[in-house]
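**Student:** Sharing my_file-v3.cif below, mmCIF, C-alpha atoms and all ligand atoms:
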```cif
data_target
loop_
_atom_site.label_atom_id
_atom_site.label_comp_id
_atom_site.auth_asym_id
_atom_site.auth_seq_id
_atom_site.Cartn_x
_atom_site.Cartn_y
_atom_site.Cartn_z
CA MET S 26 11.63 10.47 3.00
CA PHE S 27 12.58 7.59 5.26
CA TYR S 28 12.94 4.14 3.71
CA LYS S 29 14.28 0.80 4.75
CA GLU S 30 16.33 -1.04 2.19
CA THR S 31 16.92 -4.79 2.30
CA GLY S 32 18.10 -7.55 -0.02
CA GLN S 33 20.54 -6.88 -2.86
CA ARG S 34 22.32 -3.52 -3.00
CA THR S 35 22.09 -3.32 -6.79
CA GLY S 36 19.66 -4.50 -9.44
CA ARG S 37 16.07 -3.66 -10.21
CA MET S 38 14.17 -2.19 -7.30
CA VAL S 39 10.91 -3.38 -5.84
CA LEU S 40 9.20 -0.62 -3.90
CA PHE S 41 6.51 -1.41 -1.32
CA LEU S 42 3.86 1.17 -0.35
CA HIS S 43 2.06 0.64 2.95
CA GLY S 44 -1.65 1.16 3.66
CA PHE S 45 -3.47 3.50 6.06
CA PRO S 46 -2.63 4.24 8.87
CA PHE S 47 0.55 2.17 8.83
CA ASP S 48 4.22 2.49 8.00
CA HIS S 49 6.97 0.45 6.36
CA THR S 50 6.94 -2.11 9.20
CA LEU S 51 3.81 -3.55 7.57
CA TRP S 52 6.31 -5.27 5.24
CA LEU S 53 8.84 -6.58 7.78
CA GLU S 54 7.83 -10.20 7.22
CA THR S 55 7.79 -9.69 3.45
CA ALA S 56 11.39 -8.45 3.66
CA ARG S 57 12.37 -11.44 5.77
CA HIS S 58 10.74 -13.97 3.43
CA LEU S 59 12.13 -12.40 0.25
CA GLY S 60 15.61 -12.28 1.79
CA ASP S 61 18.44 -11.40 -0.58
CA SER S 62 16.65 -12.26 -3.79
CA ARG S 63 16.01 -8.64 -4.89
CA ARG S 64 16.66 -4.99 -4.08
CA LEU S 65 13.74 -4.14 -1.80
CA ILE S 66 12.72 -0.62 -0.75
CA PHE S 67 10.15 0.06 1.98
CA PRO S 68 9.37 3.78 2.39
CA ASP S 69 7.26 5.54 4.99
CA LEU S 70 4.83 7.76 3.07
CA ARG S 71 4.70 11.47 3.89
CA GLY S 72 3.20 11.98 7.35
CA PHE S 73 3.82 8.37 8.45
CA GLY S 74 6.52 6.52 10.35
CA GLN S 75 9.92 8.20 10.33
CA THR S 76 9.45 10.35 7.22
CA THR S 77 9.94 14.02 8.09
CA LEU S 78 8.70 15.72 4.88
CA PRO S 79 6.31 18.59 5.71
CA VAL S 80 2.71 17.43 6.07
CA PRO S 81 0.04 19.50 4.30
CA GLU S 82 -3.62 19.74 5.38
CA VAL S 83 -4.43 17.20 2.66
CA SER S 84 -1.97 14.50 1.56
CA THR S 85 -3.24 13.60 -1.90
CA MET S 86 -2.55 10.25 -3.55
CA SER S 87 -0.92 12.27 -6.30
CA GLN S 88 1.50 13.84 -3.78
CA PHE S 89 2.37 10.39 -2.42
CA ALA S 90 2.99 9.17 -5.99
CA GLN S 91 5.23 12.18 -6.68
CA ASP S 92 7.16 11.52 -3.43
CA THR S 93 7.60 7.91 -4.55
CA ALA S 94 8.91 9.01 -7.96
CA ASP S 95 11.31 11.45 -6.26
CA LEU S 96 12.60 8.65 -4.03
CA MET S 97 13.05 6.43 -7.05
CA ASP S 98 15.05 9.19 -8.79
CA ARG S 99 17.33 9.41 -5.76
CA LEU S 100 17.96 5.67 -5.76
CA ASP S 101 18.03 4.72 -9.44
CA LYS S 102 17.08 7.07 -12.26
CA THR S 103 17.38 4.61 -15.10
CA SER S 104 15.98 1.14 -14.40
CA ARG S 105 12.33 0.26 -14.51
CA ILE S 106 11.01 -0.96 -11.18
CA VAL S 107 8.11 -2.83 -9.64
CA VAL S 108 5.75 -0.99 -7.31
CA CYS S 109 3.65 -3.00 -4.86
CA GLY S 110 0.95 -1.13 -2.93
CA LEU S 111 -1.53 -2.32 -0.33
CA SER S 112 -4.90 -0.60 0.09
CA MET S 113 -4.04 3.14 0.35
CA GLY S 114 -0.61 2.13 -1.01
CA GLY S 115 -2.54 0.62 -3.92
CA TYR S 116 -4.31 3.94 -4.57
CA VAL S 117 -0.85 5.51 -4.68
CA ALA S 118 0.50 2.73 -6.91
CA MET S 119 -2.35 3.32 -9.38
CA HIS S 120 -1.57 7.05 -9.43
CA PHE S 121 2.08 6.16 -9.99
CA ALA S 122 1.18 3.81 -12.85
CA GLN S 123 -1.03 6.47 -14.41
CA ARG S 124 1.60 9.22 -14.24
CA PHE S 125 4.87 7.31 -14.47
CA GLY S 126 3.83 4.05 -16.16
CA ASP S 127 6.90 4.06 -18.41
CA ARG S 128 9.05 3.61 -15.30
CA LEU S 129 7.29 0.41 -14.26
CA ALA S 130 8.38 -3.11 -15.15
CA GLY S 131 5.46 -4.43 -13.15
CA LEU S 132 2.72 -3.54 -10.70
CA ILE S 133 1.34 -5.37 -7.67
CA LEU S 134 -2.00 -4.22 -6.27
CA CYS S 135 -3.01 -5.73 -2.93
CA ASP S 136 -6.32 -5.41 -1.13
CA THR S 137 -7.22 -2.14 -2.79
CA LYS S 138 -9.86 -0.65 -5.05
CA ALA S 139 -10.00 1.62 -8.08
CA GLN S 140 -13.30 3.34 -7.20
CA SER S 141 -13.28 6.64 -5.38
CA ASP S 142 -15.20 7.05 -2.10
CA THR S 143 -18.96 7.48 -2.15
CA ASP S 144 -20.04 10.92 -0.92
CA ALA S 145 -21.04 9.40 2.43
CA ALA S 146 -17.69 7.62 2.85
CA ALA S 147 -15.79 10.79 1.93
CA GLN S 148 -17.80 12.83 4.45
CA ASN S 149 -17.10 10.22 7.13
CA ARG S 150 -13.39 10.48 6.44
CA MET S 151 -13.48 14.30 6.65
CA ARG S 152 -15.33 14.10 9.98
CA ARG S 153 -12.93 11.46 11.28
CA ALA S 154 -9.90 13.57 10.26
CA ALA S 155 -11.32 16.69 11.93
CA ALA S 156 -12.09 14.80 15.15
CA LEU S 157 -8.75 12.96 15.32
CA PRO S 158 -6.93 15.44 17.61
CA GLU S 159 -9.65 14.79 20.23
CA THR S 160 -10.53 11.16 19.59
CA GLY S 161 -6.92 10.06 19.12
CA LEU S 162 -5.31 7.05 17.51
CA ASP S 163 -6.62 4.61 20.11
CA ALA S 164 -10.18 5.29 18.94
CA LEU S 165 -9.09 5.00 15.30
CA ALA S 166 -7.44 1.65 16.02
CA ASP S 167 -10.55 0.45 17.90
CA ALA S 168 -12.73 1.38 14.92
CA MET S 169 -10.45 -0.13 12.27
CA LEU S 170 -9.06 -3.30 13.81
CA PRO S 171 -12.26 -5.42 13.78
CA ASN S 172 -12.45 -5.05 9.98
CA LEU S 173 -8.81 -5.65 9.14
CA PHE S 174 -8.30 -9.35 9.81
CA ALA S 175 -9.51 -12.82 8.94
CA PRO S 176 -11.29 -14.33 11.97
CA GLN S 177 -8.49 -16.84 12.55
CA THR S 178 -5.71 -14.21 12.64
CA GLY S 179 -3.98 -14.40 16.01
CA ASN S 180 -3.83 -11.80 18.77
CA ASP S 181 -0.07 -11.31 18.39
CA ILE S 182 -0.57 -10.03 14.83
CA ARG S 183 -3.57 -7.92 15.84
CA ASP S 184 -1.52 -6.36 18.62
CA THR S 185 1.47 -5.65 16.35
CA VAL S 186 -0.82 -3.83 13.91
CA ARG S 187 -2.49 -1.91 16.74
CA GLN S 188 0.91 -0.73 17.98
CA MET S 189 1.81 0.30 14.42
CA ILE S 190 -1.31 2.48 14.23
CA LEU S 191 -0.62 4.06 17.64
CA ARG S 192 2.92 5.09 16.51
CA GLN S 193 1.74 7.21 13.57
CA PRO S 194 1.78 11.03 13.71
CA LEU S 195 -1.77 12.41 14.12
CA GLY S 196 -1.32 15.14 11.52
CA GLY S 197 -0.09 12.72 8.87
CA VAL S 198 -2.97 10.32 9.49
CA ALA S 199 -5.59 13.11 9.25
CA ALA S 200 -3.98 14.51 6.08
CA ALA S 201 -3.99 11.10 4.37
CA ASP S 202 -7.62 10.49 5.38
CA ARG S 203 -8.57 13.79 3.72
CA GLY S 204 -6.45 12.85 0.70
CA MET S 205 -8.25 9.53 0.30
CA ALA S 206 -11.61 11.31 0.57
CA GLU S 207 -10.80 13.41 -2.47
CA ARG S 208 -9.01 10.79 -4.55
CA PRO S 209 -10.28 10.49 -8.12
CA ASP S 210 -11.86 7.32 -9.45
CA ALA S 211 -9.14 5.24 -11.12
CA THR S 212 -11.41 2.70 -12.85
CA ASP S 213 -10.94 4.29 -16.27
CA TRP S 214 -7.17 4.13 -15.89
CA LEU S 215 -7.05 0.34 -15.54
CA PRO S 216 -7.33 -0.59 -19.27
CA GLY S 217 -4.32 1.68 -19.91
CA PHE S 218 -2.03 -0.21 -17.51
CA SER S 219 0.00 -2.29 -19.96
CA MET S 220 2.67 -3.52 -17.53
CA PRO S 221 2.48 -7.06 -16.08
CA THR S 222 0.26 -6.76 -13.02
CA LEU S 223 -0.47 -9.03 -10.09
CA VAL S 224 -3.69 -8.39 -8.18
CA ILE S 225 -3.63 -9.97 -4.72
CA CYS S 226 -6.49 -10.21 -2.24
CA GLY S 227 -6.83 -11.85 1.16
CA GLU S 228 -9.58 -14.45 0.83
CA GLN S 229 -11.45 -12.98 3.81
CA ASP S 230 -10.92 -9.30 3.07
CA THR S 231 -14.19 -7.48 3.78
CA ILE S 232 -12.83 -3.99 2.95
CA SER S 233 -11.68 -4.84 -0.60
CA PRO S 234 -13.48 -8.15 -1.18
CA VAL S 235 -12.31 -10.86 -3.58
CA GLY S 236 -15.24 -10.34 -5.98
CA GLU S 237 -14.46 -6.63 -6.42
CA MET S 238 -10.75 -7.23 -6.81
CA LYS S 239 -11.36 -9.90 -9.45
CA GLN S 240 -13.43 -7.38 -11.41
CA MET S 241 -10.61 -4.88 -11.04
CA ALA S 242 -8.04 -7.40 -12.34
CA ALA S 243 -10.30 -8.17 -15.31
CA LYS S 244 -10.07 -4.51 -16.41
CA ILE S 245 -6.22 -4.55 -16.51
CA PRO S 246 -5.03 -6.08 -19.81
CA ASN S 247 -1.98 -7.95 -18.50
CA ALA S 248 -3.15 -8.82 -14.97
CA ARG S 249 -3.40 -12.02 -13.00
CA PHE S 250 -5.56 -12.39 -9.88
CA LEU S 251 -4.51 -14.36 -6.83
CA SER S 252 -6.30 -14.83 -3.53
CA ILE S 253 -4.41 -15.58 -0.33
CA ALA S 254 -5.91 -18.06 2.15
CA ASN S 255 -6.06 -17.28 5.88
CA ALA S 256 -5.90 -13.52 5.35
CA GLY S 257 -8.25 -10.57 5.47
CA HIS S 258 -7.18 -7.04 4.48
CA LEU S 259 -3.52 -7.50 5.45
CA PRO S 260 -2.00 -10.60 3.77
CA PRO S 261 1.63 -9.42 4.27
CA VAL S 262 1.19 -9.81 8.04
CA GLU S 263 -1.59 -12.42 8.27
CA ALA S 264 -0.24 -14.88 5.71
CA ALA S 265 3.28 -13.58 5.30
CA GLY S 266 4.79 -16.72 3.74
CA SER S 267 2.20 -17.23 1.01
CA PHE S 268 2.06 -13.50 0.29
CA ALA S 269 5.84 -13.30 -0.15
CA LEU S 270 5.84 -16.43 -2.32
CA ALA S 271 3.24 -14.87 -4.64
CA VAL S 272 5.38 -11.73 -4.93
CA LYS S 273 8.56 -13.76 -5.45
CA ASN S 274 7.01 -15.84 -8.25
CA PHE S 275 5.71 -12.73 -10.00
CA LEU S 276 9.11 -11.02 -9.76
CA GLY S 277 10.76 -14.17 -11.11
CA GLU S 278 8.49 -14.03 -14.17
CA ILE S 279 9.05 -10.39 -15.04
CA PHE S 280 12.74 -9.84 -14.18
C1 LIG Q 301 -5.93 0.94 4.06
O1 LIG Q 301 -5.74 -0.17 4.57
O2 LIG Q 301 -5.03 1.59 3.52
C2 LIG Q 301 -7.32 1.55 4.16
O3 LIG Q 301 -8.27 0.52 4.33
C3 LIG Q 301 -7.63 2.35 2.93
C4 LIG Q 301 -8.93 3.08 3.05
O4 LIG Q 301 -9.30 3.54 4.14
O5 LIG Q 301 -9.59 3.25 2.00
#
```
Before we go any further, please render this structure as C-alpha cells.

**Tutor:**
Amino acid sequence: MFYKETGQRTGRMVLFLHGFPFDHTLWLETARHLGDSRRLIFPDLRGFGQTTLPVPEVSTMSQFAQDTADLMDRLDKTSRIVVCGLSMGGYVAMHFAQRFGDRLAGLILCDTKAQSDTDAAAQNRMRRAAALPETGLDALADAMLPNLFAPQTGNDIRDTVRQMILRQPLGGVAAADRGMAERPDATDWLPGFSMPTLVICGEQDTISPVGEMKQMAAKIPNARFLSIANAGHLPPVEAAGSFALAVKNFLGEIF
C-alpha cells in the first residue's frame, strides 16, 4: 500500500483517507498547512493512486478499513491514532471505528454520510462501474465535477481535481463504486463511537449537506460539528487553510 508520510517521524499518527475517485494528493495542501506539527500519513486506498495491492471485483469499505489497519500495524502497532476520512474515506473511517475503535484516539469525518445508498443510487453505481471501461474517466469527471465544488471555487482547483480523477486506475475506480453500492448503513454505529470526533462539512456541500452532517454529529456522543466557509464537497482543496486549522485545533485538544 503506497503512502506519503510528512511531518514528524515519530509520535502519534494521523491517517488521512481520500474520497472517490481520488488519491492521497487530495491532502497535499493539508500536509503543507499542518507542516511538522504531527506525524501525518496519507495512503492511496487499494485500486487508487500508486497502491499496487490486487484489486478485486468489489472493493468493500470493510476491505479498505482492513488495509488501513494493516498499514497502521506496519507503522506503529502500539499507539492510538487519529483517522480522518473524507466522503468515501469517511465511510472507511466509520468501518474502521466500528471494527478497530480501541485503536483510535480520535476520529474526523468530513463531507460524508452514515446512510447506505438507496436502491436506485446503488443500481446507478453498478451501471456506472460496468460502463466505465467504455465511458472512461473523462466522462466520470464530467459527471462528478459540477457537484463537487462551491460556486466560487476557482478553475485551477477544479482542474487539479479533474487531473487527479483522470490518473486513477479504471479497475480500482469501478471496484470502489461497487463497494460503495453495497456498503451497510452505519447510522446505528454512531452512538457507539466514544472517541472524540470532529465532523466537518463544507458550507456549500450539496452531496453531504450541512443539515445531514449536523444530524450525523448529533448521533455521536463525543462529537463536535464544524462547517467550513467557501467550500463544497472538498474543503481540503477548496478552503485548505481553514480546513487544516480545524484539524490542527482538534489534534491539539486530543493529543
Ligand atoms: C466521494 O467524494 O468520495 C464520493 O462523493 C462518495 C460517494 O460517491 O458516495

**Student:** The centre and edge lengths of an axis-aligned box containing all atoms of ligand LIG 301 (chain Q) present in the file, extended by 6 Å on each side, are to be given in Å to one decimal, as JSON.

**Tutor:**
```
{"center_x": -7.3, "center_y": 1.7, "center_z": 3.3, "size_x": 16.6, "size_y": 15.7, "size_z": 14.6}
```

**Student:** Taking only C-alpha atoms and all ligand atoms into account, which residues have an atom no farther than 6 Å from ligand LIG 301 (chain Q)? I'd like them as a list in words.

**Tutor:** Gly44, Phe45, Ser112 and Met113 of chain S

**Student:** Write out as a list in words each polymer residue whose atoms come within 10 Å of S:Ala265, counting all atoms listed in the file; drop sequence neighbours fewer than 2 positions from it.

**Tutor:**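 Listing them by chain and then by number gives Trp52, Leu53, Glu54, Thr55, Ala56, Arg57, His58, Ile253, Ala256, Leu259, Pro260, Pro261, Val262, Glu263, Ser267, Phe268, Ala269 and Leu270 of chain S.
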
**Student:** Please compute the atom CA of S:Asp202-atom CA of S:Met151 distance, one decimal, in Å.

**Tutor:**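 Distance reported for this atom pair: 7.1 Å.
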
**Student:** Do you have, as a Markdown table, the list of residues of stretch 110-129 of chain S lying at most 12 Å from stretch 95-99 of chain S, each with its nearest atom pair and that distance in Å to one decimal, counting all atoms listed in the file and ordered by chain then number?

**Tutor:**
```
| residue | atom | partner | partner_atom | distance |
| --- | --- | --- | --- | --- |
| S:Phe121 | CA | S:Asp95 | CA | 11.3 |
| S:Phe125 | CA | S:Met97 | CA | 11.1 |
| S:Arg128 | CA | S:Met97 | CA | 9.6 |
| S:Leu129 | CA | S:Met97 | CA | 11.0 |
```

**Student:** Could you check the closest approach to S:Ser84 for each of S:Gly217, S:Gly131, S:Gly277, S:Gly72 and tell me which residue wins, using only C-alpha atoms?

**Tutor:** S:Gly72

**Student:** From the options S:Leu111, S:Ile245, S:Leu59, S:Ala155, which residue's atoms come nearest to S:Ser233, counting only C-alpha atoms?

**Tutor:**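 That would be S:Leu111, the residue with the smallest distance to S:Ser233.
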
**Student:** Do you have the atom CA of S:Met220-atom CA of S:Lys138 distance handy?

**Tutor:** 17.9 Å

**Student:** Name all residues at most 10 Å from S:Phe47 (count only C-alpha atoms; drop same-chain ones fewer than 3 positions away) and give them as a ChimeraX atom specification.

**Tutor:** /S:42-44,50-51,69-70,73-74,113-114,186-193,198

**Student:** From the list S:Ala242, S:Ile279, S:Val272, S:Leu65, which residue is nearest S:Gln33 when using only C-alpha atoms?

**Tutor:**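 Going through S:Ala242, S:Ile279, S:Val272, S:Leu65 one by one, the smallest distance to S:Gln33 is for S:Leu65.
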
**Student:** Taking into account all atoms listed in the file, which residue in the set S:Pro46, S:Gly266, S:Pro209, S:Gly32 is nearest to S:Gly197?

**Tutor:**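 Of S:Pro46, S:Gly266, S:Pro209, S:Gly32, the one nearest S:Gly197, counting all atoms listed in the file, is S:Pro46.
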
**Student:** From the set S:Ala90, S:Leu215, S:Ala206, S:Leu134, which residue has the shortest atom-to-atom contact distance to S:Ser252, counting all atoms listed in the file?

**Tutor:**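 Looking only at the distances to S:Ser252, the closest residue turns out to be S:Leu134.
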
**Student:** Residues within 8 Å of S:Ala175, please, as a list in words. Count only C-alpha atoms; anything in the same chain fewer than 6 positions from it doesn't count.

**Tutor:** Gln229, Asp230, Asn255, Ala256, Gly257, His258 and Glu263 of chain S

**Student:** Restricting the calculation to all atoms listed in the file, which member of S:Gln88, S:Thr35, S:Gln148, S:Thr137 is positioned closest to S:His120?

**Tutor:**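 Under the stated criterion, the closest residue is S:Gln88.
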
**Student:** Just the number, please: distance in Å from atom CA of S:Leu162 to atom CA of S:Arg150, one decimal.

**Tutor:**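 Between atom CA of S:Leu162 and atom CA of S:Arg150 the gap is 14.1 Å.
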
**Student:** What lies within 12 Å of S:Gly161 using only C-alpha atoms, ignoring chain neighbours under 2 positions off, as a PDB file with C-alpha atoms, keeping the file's coordinate frame?

**Tutor:**
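Saved as result-v8.pdb:
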```
ATOM      1  CA  ARG S 153     -12.930  11.460  11.280  1.00  0.00           C
ATOM      2  CA  ALA S 154      -9.900  13.570  10.260  1.00  0.00           C
ATOM      3  CA  ALA S 155     -11.320  16.690  11.930  1.00  0.00           C
ATOM      4  CA  ALA S 156     -12.090  14.800  15.150  1.00  0.00           C
ATOM      5  CA  LEU S 157      -8.750  12.960  15.320  1.00  0.00           C
ATOM      6  CA  PRO S 158      -6.930  15.440  17.610  1.00  0.00           C
ATOM      7  CA  GLU S 159      -9.650  14.790  20.230  1.00  0.00           C
ATOM      8  CA  ASP S 163      -6.620   4.610  20.110  1.00  0.00           C
ATOM      9  CA  ALA S 164     -10.180   5.290  18.940  1.00  0.00           C
ATOM     10  CA  LEU S 165      -9.090   5.000  15.300  1.00  0.00           C
ATOM     11  CA  ALA S 166      -7.440   1.650  16.020  1.00  0.00           C
ATOM     12  CA  ASP S 167     -10.550   0.450  17.900  1.00  0.00           C
ATOM     13  CA  ALA S 168     -12.730   1.380  14.920  1.00  0.00           C
ATOM     14  CA  ILE S 190      -1.310   2.480  14.230  1.00  0.00           C
ATOM     15  CA  LEU S 191      -0.620   4.060  17.640  1.00  0.00           C
ATOM     16  CA  ARG S 192       2.920   5.090  16.510  1.00  0.00           C
ATOM     17  CA  GLN S 193       1.740   7.210  13.570  1.00  0.00           C
ATOM     18  CA  PRO S 194       1.780  11.030  13.710  1.00  0.00           C
ATOM     19  CA  LEU S 195      -1.770  12.410  14.120  1.00  0.00           C
ATOM     20  CA  GLY S 196      -1.320  15.140  11.520  1.00  0.00           C
ATOM     21  CA  VAL S 198      -2.970  10.320   9.490  1.00  0.00           C
ATOM     22  CA  ALA S 199      -5.590  13.110   9.250  1.00  0.00           C
TER      23      ALA S 199
END
```

**Student:** Can you list, as a list of chain:residue names, every protein, DNA or RNA residue that comes within 7 Å of S:Ala200 when you count all atoms listed in the file, leaving out same-chain residues fewer than 5 positions away?

**Tutor:**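 My reading of the contact set: S:Pro81, S:Glu82, S:Val83, S:Ser84.
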
**Student:** Just write the chosen residues, C-alpha atoms, as an mmCIF file, in the coordinates of the input.

**Tutor:**
```cif
data_model
loop_
_atom_site.group_PDB
_atom_site.id
_atom_site.type_symbol
_atom_site.label_atom_id
_atom_site.label_comp_id
_atom_site.auth_asym_id
_atom_site.auth_seq_id
_atom_site.Cartn_x
_atom_site.Cartn_y
_atom_site.Cartn_z
ATOM 1 C CA PRO S 81 0.040 19.500 4.300
ATOM 2 C CA GLU S 82 -3.620 19.740 5.380
ATOM 3 C CA VAL S 83 -4.430 17.200 2.660
ATOM 4 C CA SER S 84 -1.970 14.500 1.560
#
```
